[in-house]
Amino acid sequence: MKRKVIFGYDYTDNELVKVLLYLFVGGTAALVEWALFYIFLMEVLPCFGIVYGQAILLATALAFSLSTLYHYFLGNVLVFNSGSKYERSKELSLVFLVSIIGLAFNLALMYIFADVLKWHPMVSKVLTSCIVVVWNYLSRKKWIFRS
């Protein structure tokens, strides 16, 4: 198992530190996702003439995908041991599978909250992120990585 060290402190076997770091990684990934969602929805996609309802779903997919990459790389550095449970190609395939399922949850919830219920898109995005993060953490910890 690869040793996990931050500021000279070895936290390889300290689950509390790993959970706190996962919350940091997840929290910053959520901020990245929300910021990208806003930028895509309000700045980028209108330039291409995409209608608002479709723009919400496209902005959700783009922001989620980019923040998932951010989360994968930072999570591997700080929390999980990439390559310790499966060879890298299988691990990457599982990450993509979990991410696609997470994206489907994300899109379905955004459609329900923003389109059907007519909630504000940012409120919908924050609530959706809170729900999907549970799926992401549990699936990565149980099926993909050793923490």
# chains A, B, ... in the order shown; residues from 1 in each chain; ligands from 1

call {"tool": "select_by_dssp", "arguments": {"residues": "chain A", "states": "strand (DSSP E)", "output": "PyMOL selection string"}}
result
chain A and resi 5-6+9-10

call {"tool": "write_last_selection", "arguments": {"atoms": "all heavy atoms", "output": "PDB file, in the first residue's frame"}}
result
ATOM      1  N   VAL A   5       1.176  10.807   2.936  1.00  0.00           N
ATOM      2  CA  VAL A   5       1.865  11.755   3.805  1.00  0.00           C
ATOM      3  C   VAL A   5       1.502  13.162   3.371  1.00  0.00           C
ATOM      4  O   VAL A   5       1.518  13.487   2.175  1.00  0.00           O
ATOM      5  CB  VAL A   5       3.405  11.568   3.736  1.00  0.00           C
ATOM      6  CG1 VAL A   5       4.116  12.578   4.623  1.00  0.00           C
ATOM      7  CG2 VAL A   5       3.791  10.147   4.104  1.00  0.00           C
ATOM      8  N   ILE A   6       1.164  14.009   4.344  1.00  0.00           N
ATOM      9  CA  ILE A   6       0.905  15.414   4.067  1.00  0.00           C
ATOM     10  C   ILE A   6       1.589  16.248   5.148  1.00  0.00           C
ATOM     11  O   ILE A   6       1.461  15.956   6.337  1.00  0.00           O
ATOM     12  CB  ILE A   6      -0.611  15.712   3.981  1.00  0.00           C
ATOM     13  CG1 ILE A   6      -0.865  17.102   3.446  1.00  0.00           C
ATOM     14  CG2 ILE A   6      -1.302  15.503   5.306  1.00  0.00           C
ATOM     15  CD1 ILE A   6      -2.304  17.356   3.032  1.00  0.00           C
ATOM     16  N   TYR A   9       3.295  14.387   7.853  1.00  0.00           N
ATOM     17  CA  TYR A   9       2.490  13.522   8.715  1.00  0.00           C
ATOM     18  C   TYR A   9       1.981  12.337   7.904  1.00  0.00           C
ATOM     19  O   TYR A   9       1.309  12.509   6.897  1.00  0.00           O
ATOM     20  CB  TYR A   9       1.306  14.297   9.303  1.00  0.00           C
ATOM     21  CG  TYR A   9       0.344  13.447  10.095  1.00  0.00           C
ATOM     22  CD1 TYR A   9       0.700  12.949  11.342  1.00  0.00           C
ATOM     23  CD2 TYR A   9      -0.904  13.119   9.576  1.00  0.00           C
ATOM     24  CE1 TYR A   9      -0.167  12.153  12.068  1.00  0.00           C
ATOM     25  CE2 TYR A   9      -1.785  12.322  10.285  1.00  0.00           C
ATOM     26  CZ  TYR A   9      -1.414  11.840  11.532  1.00  0.00           C
ATOM     27  OH  TYR A   9      -2.273  11.057  12.243  1.00  0.00           O
ATOM     28  N   ASP A  10       2.305  11.122   8.354  1.00  0.00           N
ATOM     29  CA  ASP A  10       1.868   9.905   7.684  1.00  0.00           C
ATOM     30  C   ASP A  10       0.465   9.543   8.185  1.00  0.00           C
ATOM     31  O   ASP A  10       0.285   9.208   9.347  1.00  0.00           O
ATOM     32  CB  ASP A  10       2.848   8.770   7.980  1.00  0.00           C
ATOM     33  CG  ASP A  10       2.533   7.490   7.231  1.00  0.00           C
ATOM     34  OD1 ASP A  10       1.370   7.279   6.829  1.00  0.00           O
ATOM     35  OD2 ASP A  10       3.462   6.680   7.055  1.00  0.00           O
TER      36      ASP A  10
END

call {"tool": "select_by_dssp", "arguments": {"residues": "chain A", "states": "alpha helix (DSSP H)", "output": "ChimeraX atom specification"}}
result
/A:15-39,52-78,88-110,121-139

call {"tool": "closest_residue", "arguments": {"among": "A:Val95, A:Leu45, A:Val51, A:Leu36", "to": "Gly75 (chain A)", "atoms": "only C-alpha atoms"}}
result
A:Val95

call {"tool": "residues_around", "arguments": {"residues": "Ser99 (chain A)", "least_positions_apart": "4", "cutoff": "12 Å", "atoms": "only C-alpha atoms", "output": "list in words"}}
result
Ala61, Phe64, Ser65, Leu66, Ser67, Thr68, Leu69, His71, Tyr72, Leu92, Ser93, Leu94, Val95, Leu103, Ala104, Phe105, Asn106, Leu107, Val132, Val133, Trp135, Asn136, Tyr137, Ser139, Arg140 and Ile144 of chain A

call {"tool": "residues_around", "arguments": {"residues": "Leu58 (chain A)", "least_positions_apart": "5", "cutoff": "10 Å", "atoms": "only C-alpha atoms", "output": "MDAnalysis selection string"}}
result
chainID A and resid 37 40:41 45 50 52:53 63:64 107

call {"tool": "atom_distance", "arguments": {"atom1": "CA of Glu15 (chain A)", "atom2": "CA of Ile131 (chain A)"}}
result
22.6 Å

call {"tool": "residues_around", "arguments": {"residues": "Met110 (chain A)", "least_positions_apart": "6", "cutoff": "8 Å", "atoms": "only C-alpha atoms", "output": "NGL selection string"}}
result
:A and (56-57 or 60 or 121 or 124-125 or 128)

call {"tool": "residues_around", "arguments": {"residues": "Val77 (chain A)", "least_positions_apart": "6", "cutoff": "12 Å", "atoms": "only C-alpha atoms", "output": "ChimeraX atom specification"}}
result
/A:2-6,12,18,21-22,25,70-71,83,147

call {"tool": "write_last_selection", "arguments": {"atoms": "N, CA, C and O atoms", "output": "compact mmCIF listing (two decimals), in the first residue's frame"}}
result
# COMPACT_ATOMS: atom_id res chain seq x y z
N LYS A 2 0.56 2.17 -0.84
CA LYS A 2 1.32 3.42 -0.93
C LYS A 2 1.06 4.25 0.32
O LYS A 2 -0.07 4.42 0.76
N ARG A 3 2.12 4.81 0.87
CA ARG A 3 2.02 5.64 2.06
C ARG A 3 1.39 6.98 1.70
O ARG A 3 1.68 7.55 0.64
N LYS A 4 0.56 7.50 2.57
CA LYS A 4 -0.08 8.80 2.40
C LYS A 4 0.53 9.75 3.43
O LYS A 4 0.44 9.52 4.64
N VAL A 5 1.18 10.81 2.94
CA VAL A 5 1.86 11.75 3.81
C VAL A 5 1.50 13.16 3.37
O VAL A 5 1.52 13.49 2.18
N ILE A 6 1.16 14.01 4.34
CA ILE A 6 0.90 15.41 4.07
C ILE A 6 1.59 16.25 5.15
O ILE A 6 1.46 15.96 6.34
N THR A 12 -1.51 7.21 6.52
CA THR A 12 -1.88 6.03 5.75
C THR A 12 -2.96 5.20 6.45
O THR A 12 -3.89 4.72 5.81
N LYS A 18 -8.37 10.66 6.44
CA LYS A 18 -8.82 10.35 5.08
C LYS A 18 -10.24 10.85 4.82
O LYS A 18 -10.52 11.37 3.74
N LEU A 21 -10.03 14.57 4.44
CA LEU A 21 -9.47 14.91 3.14
C LEU A 21 -10.45 14.61 2.01
O LEU A 21 -10.53 15.36 1.04
N TYR A 22 -11.23 13.53 2.16
CA TYR A 22 -12.26 13.24 1.15
C TYR A 22 -13.30 14.36 1.13
O TYR A 22 -13.75 14.77 0.07
N VAL A 25 -11.68 17.18 -0.73
CA VAL A 25 -11.67 16.89 -2.16
C VAL A 25 -13.07 17.03 -2.73
O VAL A 25 -13.29 17.69 -3.76
N TYR A 70 -11.34 16.18 -12.01
CA TYR A 70 -10.65 16.87 -10.91
C TYR A 70 -10.69 16.00 -9.65
O TYR A 70 -9.67 15.78 -8.99
N HIS A 71 -11.87 15.49 -9.33
CA HIS A 71 -12.06 14.67 -8.13
C HIS A 71 -11.25 13.39 -8.20
O HIS A 71 -10.64 12.97 -7.20
N GLY A 83 -4.76 1.97 -8.22
CA GLY A 83 -4.01 0.82 -8.70
C GLY A 83 -3.76 -0.24 -7.65
O GLY A 83 -3.11 -1.24 -7.93
N SER A 147 -8.94 2.54 0.48
CA SER A 147 -8.59 3.86 1.05
C SER A 147 -7.47 3.73 2.05
O SER A 147 -7.08 2.66 2.45

call {"tool": "closest_residue", "arguments": {"among": "A:Phe80, A:Lys142, A:Ser129, A:Gly49", "to": "Thr28 (chain A)", "atoms": "only C-alpha atoms"}}
result
A:Ser129

call {"tool": "atom_distance", "arguments": {"atom1": "CA of Phe145 (chain A)", "atom2": "CA of Tyr86 (chain A)"}}
result
8.0 Å

call {"tool": "atom_distance", "arguments": {"atom1": "CA of Gln54 (chain A)", "atom2": "CA of Ile101 (chain A)"}}
result
19.8 Å

call {"tool": "closest_residue", "arguments": {"among": "A:Ala59, A:Tyr11, A:Leu74, A:Ser84", "to": "Pro46 (chain A)", "atoms": "only C-alpha atoms"}}
result
A:Ala59

call {"tool": "closest_residue", "arguments": {"among": "A:Leu16, A:Lys141, A:Asp115, A:Glu43", "to": "Lys85 (chain A)", "atoms": "only C-alpha atoms"}}
result
A:Lys141
